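Undergrad: This one is coords.pdb, PDB, C-alpha atoms.
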ATOM      1  CA  MET P   1     137.253  85.644  97.851
ATOM      2  CA  ALA P   2     133.959  84.313  99.257
ATOM      3  CA  ASP P   3     135.346  84.643 102.778
ATOM      4  CA  ALA P   4     136.184  88.302 102.199
ATOM      5  CA  HIS P   5     132.697  88.929 100.829
ATOM      6  CA  LEU P   6     131.073  87.113 103.757
ATOM      7  CA  ALA P   7     133.185  89.147 106.200
ATOM      8  CA  LYS P   8     131.054  92.173 105.262
ATOM      9  CA  ILE P   9     127.885  90.419 106.458
ATOM     10  CA  PRO P  10     127.374  90.701 110.242
ATOM     11  CA  LEU P  11     125.161  87.601 110.418
ATOM     12  CA  ALA P  12     127.879  85.441 108.831
ATOM     13  CA  GLN P  13     130.462  86.879 111.192
ATOM     14  CA  ALA P  14     128.261  86.159 114.228
ATOM     15  CA  PHE P  15     127.649  82.603 112.954
ATOM     16  CA  GLN P  16     131.389  81.956 112.773
ATOM     17  CA  GLU P  17     132.029  83.377 116.251
ATOM     18  CA  LYS P  18     129.255  81.374 117.921
ATOM     19  CA  THR P  19     129.750  78.025 116.182
ATOM     20  CA  ARG P  20     133.482  78.190 115.363
ATOM     21  CA  VAL P  21     132.548  76.902 111.910
ATOM     22  CA  PRO P  22     133.993  78.949 109.038
ATOM     23  CA  LYS P  23     131.380  81.256 107.574
ATOM     24  CA  VAL P  24     132.069  79.862 104.098
ATOM     25  CA  TYR P  25     130.941  76.418 105.291
ATOM     26  CA  GLY P  26     127.826  77.922 106.857
ATOM     27  CA  ALA P  27     126.939  79.745 103.642
ATOM     28  CA  ALA P  28     127.579  76.595 101.597
ATOM     29  CA  GLY P  29     125.362  74.603 103.980
ATOM     30  CA  VAL P  30     122.498  77.080 103.719
ATOM     31  CA  ALA P  31     122.825  77.222  99.927
ATOM     32  CA  GLY P  32     122.997  73.423  99.698
ATOM     33  CA  ALA P  33     119.936  72.954 101.905
ATOM     34  CA  GLY P  34     118.015  75.501  99.843
ATOM     35  CA  LEU P  35     119.063  73.826  96.601
ATOM     36  CA  LEU P  36     117.968  70.440  97.968
ATOM     37  CA  LEU P  37     114.560  71.852  98.919
ATOM     38  CA  VAL P  38     114.156  73.346  95.443
ATOM     39  CA  PHE P  39     115.220  70.054  93.871
ATOM     40  CA  LEU P  40     112.653  68.158  95.952
ATOM     41  CA  ASN P  41     110.042  70.847  95.211
ATOM     42  CA  ILE P  42     109.487  71.586  98.895
ATOM     43  CA  GLY P  43     108.702  75.279  99.125
ATOM     44  CA  ALA P  44     110.453  75.717  95.795
ATOM     45  CA  ALA P  45     108.303  78.611  94.576
ATOM     46  CA  LEU P  46     108.972  80.581  97.758
ATOM     47  CA  LEU P  47     112.706  79.880  97.820
ATOM     48  CA  VAL P  48     113.232  80.707  94.144
ATOM     49  CA  ASN P  49     111.201  83.918  94.367
ATOM     50  CA  LEU P  50     113.028  84.921  97.553
ATOM     51  CA  THR P  51     116.289  84.449  95.683
ATOM     52  CA  GLY P  52     115.000  86.435  92.716
ATOM     53  CA  PHE P  53     113.666  89.263  94.881
ATOM     54  CA  GLY P  54     115.817  89.140  97.999
ATOM     55  CA  TYR P  55     119.333  89.052  96.660
ATOM     56  CA  ALA P  56     118.484  91.370  93.784
ATOM     57  CA  ALA P  57     116.955  93.924  96.158
ATOM     58  CA  PHE P  58     120.025  93.736  98.412
ATOM     59  CA  ALA P  59     122.386  94.150  95.449
ATOM     60  CA  SER P  60     120.260  96.992  94.049
ATOM     61  CA  MET P  61     120.475  98.887  97.336
ATOM     62  CA  GLN P  62     124.245  98.437  97.333
ATOM     63  CA  ALA P  63     124.403  99.650  93.724
ATOM     64  CA  ILE P  64     122.486 102.797  94.637
ATOM     65  CA  GLU P  65     125.134 103.637  97.231
ATOM     66  CA  THR P  66     128.058 103.394  94.783
ATOM     67  CA  ARG P  67     129.207 106.306  92.639
ATOM     68  CA  GLY P  68     129.443 104.435  89.337
ATOM     69  CA  GLN P  69     126.485 103.859  87.067
ATOM     70  CA  GLN P  70     127.535 100.500  85.604
ATOM     71  CA  ASP P  71     126.078  98.459  88.471
ATOM     72  CA  ASP P  72     122.980 100.676  88.538
ATOM     73  CA  ALA P  73     122.343  99.865  84.877
ATOM     74  CA  GLN P  74     122.889  96.157  85.544
ATOM     75  CA  TRP P  75     120.292  96.027  88.307
ATOM     76  CA  LEU P  76     117.756  98.248  86.534
ATOM     77  CA  THR P  77     118.050  95.953  83.535
ATOM     78  CA  TYR P  78     117.653  92.933  85.809
ATOM     79  CA  TRP P  79     114.400  94.306  87.235
ATOM     80  CA  VAL P  80     112.991  94.978  83.765
ATOM     81  CA  VAL P  81     113.785  91.456  82.579
ATOM     82  CA  PHE P  82     112.647  89.923  85.865
ATOM     83  CA  GLY P  83     109.329  91.762  85.627
ATOM     84  CA  MET P  84     108.781  90.640  82.038
ATOM     85  CA  PHE P  85     109.649  87.081  83.023
ATOM     86  CA  ASN P  86     107.149  87.136  85.901
ATOM     87  CA  VAL P  87     104.387  88.432  83.638
ATOM     88  CA  LEU P  88     105.087  85.670  81.122
ATOM     89  CA  GLU P  89     105.243  83.095  83.897
ATOM     90  CA  TYR P  90     101.894  84.267  85.257
ATOM     91  CA  PHE P  91     100.117  83.769  81.944
ATOM     92  CA  ALA P  92     101.927  80.506  81.157
ATOM     93  CA  GLY P  93     101.642  79.176  84.709
ATOM     94  CA  PHE P  94      99.332  76.334  83.807
ATOM     95  CA  VAL P  95     101.882  75.038  81.276
ATOM     96  CA  VAL P  96     105.159  75.486  83.152
ATOM     97  CA  TYR P  97     104.102  73.389  86.113
ATOM     98  CA  TRP P  98     103.975  70.339  83.888
ATOM     99  CA  PHE P  99     107.735  70.537  83.361
ATOM    100  CA  PRO P 100     109.771  68.552  85.890
ATOM    101  CA  PHE P 101     112.376  70.566  87.793
ATOM    102  CA  TYR P 102     110.895  73.839  86.588
ATOM    103  CA  TYR P 103     111.894  75.696  89.747
ATOM    104  CA  LEU P 104     115.421  74.349  89.540
ATOM    105  CA  ALA P 105     115.672  75.674  85.980
ATOM    106  CA  LYS P 106     114.121  78.987  87.046
ATOM    107  CA  LEU P 107     116.648  79.304  89.872
ATOM    108  CA  GLY P 108     119.488  78.695  87.432
ATOM    109  CA  PHE P 109     118.000  81.246  85.051
ATOM    110  CA  LEU P 110     117.683  83.887  87.788
ATOM    111  CA  VAL P 111     121.234  83.290  89.008
ATOM    112  CA  TRP P 112     122.475  83.558  85.411
ATOM    113  CA  MET P 113     120.631  86.874  85.044
ATOM    114  CA  MET P 114     122.060  88.229  88.326
ATOM    115  CA  MET P 115     125.714  87.268  87.976
ATOM    116  CA  PRO P 116     127.962  90.186  87.050
ATOM    117  CA  GLY P 117     130.209  87.844  85.060
ATOM    118  CA  THR P 118     127.449  86.672  82.728
ATOM    119  CA  ARG P 119     125.252  89.788  82.692
ATOM    120  CA  GLY P 120     122.405  87.613  81.505
ATOM    121  CA  ALA P 121     119.732  90.211  82.121
ATOM    122  CA  GLU P 122     121.533  92.704  79.897
ATOM    123  CA  ARG P 123     121.916  90.096  77.168
ATOM    124  CA  LEU P 124     118.202  89.336  77.221
ATOM    125  CA  TYR P 125     117.273  93.002  77.351
ATOM    126  CA  TYR P 126     119.416  94.075  74.409
ATOM    127  CA  SER P 127     118.697  91.021  72.269
ATOM    128  CA  GLY P 128     114.969  90.633  72.932
ATOM    129  CA  ILE P 129     113.116  93.192  75.005
ATOM    130  CA  LYS P 130     114.601  96.413  73.621
ATOM    131  CA  PRO P 131     114.063  95.452  69.937
ATOM    132  CA  LEU P 132     110.480  94.447  70.760
ATOM    133  CA  VAL P 133     109.772  97.754  72.514
ATOM    134  CA  LEU P 134     111.339  99.733  69.654
ATOM    135  CA  HIS P 135     109.252  97.789  67.130
ATOM    136  CA  VAL P 136     106.033  98.479  69.062
ATOM    137  CA  ARG P 137     106.920 102.181  69.352
ATOM    138  CA  SER P 138     107.637 102.511  65.640
ATOM    139  CA  THR P 139     104.395 100.710  64.780
ATOM    140  CA  ARG P 140     102.367 103.025  67.013
ATOM    141  CA  ARG P 141     103.966 106.163  65.542
ATOM    142  CA  LYS P 142     103.159 105.109  61.979
ATOM    143  CA  THR P 143      99.410 105.022  62.722
ATOM    144  CA  PRO P 144      97.947 108.508  62.206
ATOM    145  CA  VAL P 145      95.843 109.842  65.062
ATOM    146  CA  ALA P 146      92.847 110.699  62.830
ATOM    147  CA  GLU P 147      92.599 107.132  61.554
ATOM    148  CA  SER P 148      92.751 105.595  65.017
ATOM    149  CA  ALA P 149      89.420 107.122  66.174
ATOM    150  CA  PRO P 150      86.268 105.323  65.009
ATOM    151  CA  GLU P 151      83.990 107.287  62.688
ATOM    152  CA  SER P 152      80.854 106.476  64.677
ATOM    153  CA  VAL P 153      81.892 108.742  67.550
ATOM    154  CA  PRO P 154      80.098 112.109  67.145
ATOM    155  CA  ALA P 155      82.068 115.301  67.374
ATOM    156  CA  PRO P 156      81.513 117.262  70.594
ATOM    157  CA  GLU P 157      79.061 120.119  70.291
ATOM    158  CA  SER P 158      80.183 123.633  71.058
ATOM    159  CA  ALA P 159      77.437 124.314  73.613
ATOM    160  CA  PRO P 160      78.286 126.550  76.570
ATOM    161  CA  VAL P 161      79.319 124.689  79.674
ATOM    162  CA  ALA P 162      76.742 126.446  81.863
ATOM    163  CA  ASP P 163      73.859 125.047  79.781
ATOM    164  CA  THR P 164      75.033 121.456  80.166
ATOM    165  CA  VAL P 165      75.603 121.439  83.938
ATOM    166  CA  PRO P 166      72.427 120.527  85.866
ATOM    167  CA  ALA P 167      71.331 122.723  88.747
ATOM    168  CA  PRO P 168      71.902 121.289  92.221
ATOM    169  CA  ALA P 169      68.909 119.442  93.633
ATOM    170  CA  GLN P 170      67.116 121.082  96.539
ATOM    171  CA  ASP P 171      66.539 119.244  99.802
ATOM    172  CA  THR P 172      62.809 118.660 100.176
ATOM    173  CA  THR P 173      62.985 116.413 103.238
ATOM    174  CA  SER P 174      62.985 119.263 105.756
ATOM    175  CA  ALA P 175      59.594 120.557 106.855
ATOM    176  CA  GLU P 176      60.980 123.968 107.724
ATOM    177  CA  PRO P 177      62.530 125.799 104.796
ATOM    178  CA  ASN P 178      65.221 127.608 106.847
ATOM    179  CA  ALA P 179      66.070 124.767 109.268
ATOM    180  CA  LYS P 180      69.656 123.586 109.442
ATOM    181  CA  LYS P 181      70.273 119.876 109.000
ATOM    182  CA  ASP P 182      72.851 119.471 111.757
ATOM    183  CA  GLU P 183      70.874 121.153 114.538
ATOM    184  CA  PRO P 184      68.334 119.027 116.413
ATOM    185  CA  LYS P 185      64.782 120.262 116.318
ATOM    186  CA  SER P 186      63.344 121.463 119.599
ATOM    187  CA  GLU P 187      59.787 120.610 120.552
TER     188      GLU P 187
END
Would you put the structure from the file into structure tokens?

TA:
Amino acid sequence: MADAHLAKIPLAQAFQEKTRVPKVYGAAGVAGAGLLLVFLNIGAALLVNLTGFGYAAFASMQAIETRGQQDDAQWLTYWVVFGMFNVLEYFAGFVVYWFPFYYLAKLGFLVWMMMPGTRGAERLYYSGIKPLVLHVRSTRRKTPVAESAPESVPAPESAPVADTVPAPAQDTTSAEPNAKKDEPKSE
């Protein structure tokens, strides 16, 4: 199955032709080297974020080209959850770096969210994000508009607009009243 999927990728095909190593072994070697670097925390932030952005962007572009909407919904949901996760990670960044193997756990989390078999992003969206958004919406709709404005703000006066607009300032730097600014003065 992996070989058939890798056959669609020209770079994997070229690797197999040039090295005579099966493309599955090449892909496993690249994945293993990347996993080792993440485990050793060497460029882990870059590798994990490239996985989170790179593969998801590639899969999203493929989903756009298909006729069905199931994969479109999966990847749209992934991007919503991924965005929320990145916002949370940004604000909790000073705490998460104290955890050993954080990037390894993050990589596992991102892969779990991306996999079509687990549909982790959809699970998180429907169990956490969507109820939170619906709760915030319902709370905002219950607050009347009149009560939300402070009472100390004065009501706008009904003065004509022409009275409130100041007249344009006249240029007093020119010695000659009819001289144009762009033309040089002749002596």

Undergrad: Looking at P:Lys23, P:Ala28, P:Val81, P:Ala63, which one is nearest to Tyr126 of chain P, with distances taken over only C-alpha atoms?

TA: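 The shortest atom-to-atom distance to Tyr126 of chain P comes from P:Val81.
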
Undergrad: With a distance cut-off of 9 Å and only C-alpha atoms, select the neighbouring residues of segment 10-15 of chain P, excluding the residue or stretch itself and same-chain residues fewer than 5 positions from it, and output the selection as number ranges by chain.

TA: P: 20-24, 26-27

Undergrad: Running the PyMOL selection byres ((chain P and resi 50-61) around 8) on this model by hand, what would come out? Give it as a count of residues only.

TA: 14

Undergrad: Determine the nearest neighbour of Tyr125 of chain P from the options P:Gly68, P:Gly83, P:Gly34, P:Gly43, counting only C-alpha atoms.

TA: P:Gly83

Undergrad: Just checking: using all atoms listed in the file, which residue out of P:Leu35, P:Ala2, P:Ala7, P:Ile42 ends up closest to Gly108 of chain P?

TA: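 Ranked by minimum distance to Gly108 of chain P, first place goes to P:Leu35.
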
Undergrad: Using atom CA of Arg119 of chain P and atom CA of Val136 of chain P as the two end points, give the distance in Å to one decimal.

TA: 25.1 Å

Undergrad: With all atoms listed in the file as the basis for distance, which of P:His5, P:Ala121, P:Pro100, P:Lys18 is at the shortest distance from Met84 of chain P?

TA: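 Closest residue, counting all atoms listed in the file: P:Ala121.
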
Undergrad: In Å, with one decimal, what is the gap from atom CA of Phe109 of chain P to atom CA of Leu124 of chain P?

TA: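 Going from atom CA of Phe109 of chain P over to atom CA of Leu124 of chain P, I get 11.3 Å.
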
Undergrad: Mind checking which residues fall within 12 Å of Arg123 of chain P, counting all atoms listed in the file, ignoring those fewer than 2 positions away in the same chain, and posting them as a short mmCIF file (atom, residue, chain, number, x, y, z; two decimals) with C-alpha atoms, in the coordinates of the input?

TA:
data_model
loop_
_atom_site.label_atom_id
_atom_site.label_comp_id
_atom_site.auth_asym_id
_atom_site.auth_seq_id
_atom_site.Cartn_x
_atom_site.Cartn_y
_atom_site.Cartn_z
CA GLN P 74 122.89 96.16 85.54
CA THR P 77 118.05 95.95 83.54
CA TYR P 78 117.65 92.93 85.81
CA VAL P 81 113.78 91.46 82.58
CA TRP P 112 122.48 83.56 85.41
CA MET P 113 120.63 86.87 85.04
CA MET P 114 122.06 88.23 88.33
CA MET P 115 125.71 87.27 87.98
CA PRO P 116 127.96 90.19 87.05
CA GLY P 117 130.21 87.84 85.06
CA THR P 118 127.45 86.67 82.73
CA ARG P 119 125.25 89.79 82.69
CA GLY P 120 122.40 87.61 81.50
CA ALA P 121 119.73 90.21 82.12
CA TYR P 125 117.27 93.00 77.35
CA TYR P 126 119.42 94.08 74.41
CA SER P 127 118.70 91.02 72.27
CA GLY P 128 114.97 90.63 72.93
CA ILE P 129 113.12 93.19 75.00
CA LYS P 130 114.60 96.41 73.62
CA PRO P 131 114.06 95.45 69.94
#

Undergrad: Take segment 108-121 of chain P from the block and save it with N, CA and C atoms, as a compact mmCIF listing (two decimals), in the first residue's frame.

TA:
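Writing done, so here's part-v2.txt:
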# COMPACT_ATOMS: atom_id res chain seq x y z
N GLY P 108 3.39 13.45 17.60
CA GLY P 108 2.38 12.39 17.70
C GLY P 108 0.97 12.94 17.66
N PHE P 109 0.76 14.06 18.35
CA PHE P 109 -0.55 14.71 18.36
C PHE P 109 -0.95 15.18 16.96
N LEU P 110 -0.01 15.80 16.25
CA LEU P 110 -0.32 16.29 14.90
C LEU P 110 -0.61 15.14 13.94
N VAL P 111 0.17 14.06 14.05
CA VAL P 111 -0.07 12.90 13.19
C VAL P 111 -1.43 12.30 13.51
N TRP P 112 -1.78 12.22 14.79
CA TRP P 112 -3.09 11.71 15.19
C TRP P 112 -4.20 12.58 14.62
N MET P 113 -4.01 13.90 14.62
CA MET P 113 -5.03 14.79 14.06
C MET P 113 -5.16 14.63 12.56
N MET P 114 -4.05 14.33 11.86
CA MET P 114 -4.06 14.27 10.40
C MET P 114 -4.59 12.95 9.85
N MET P 115 -4.39 11.88 10.56
CA MET P 115 -4.69 10.55 10.00
C MET P 115 -6.17 10.38 9.71
N PRO P 116 -6.49 9.95 8.49
CA PRO P 116 -7.90 9.74 8.14
C PRO P 116 -8.55 8.65 8.98
N GLY P 117 -7.78 7.69 9.44
CA GLY P 117 -8.35 6.60 10.24
C GLY P 117 -8.77 7.05 11.63
N THR P 118 -8.06 7.99 12.21
CA THR P 118 -8.41 8.45 13.56
C THR P 118 -9.30 9.67 13.55
N ARG P 119 -9.14 10.52 12.53
CA ARG P 119 -9.89 11.77 12.43
C ARG P 119 -9.86 12.54 13.75
N GLY P 120 -8.65 12.67 14.28
CA GLY P 120 -8.47 13.32 15.56
C GLY P 120 -8.90 14.78 15.58
N ALA P 121 -8.63 15.48 14.49
CA ALA P 121 -9.02 16.89 14.44
C ALA P 121 -10.54 17.04 14.53
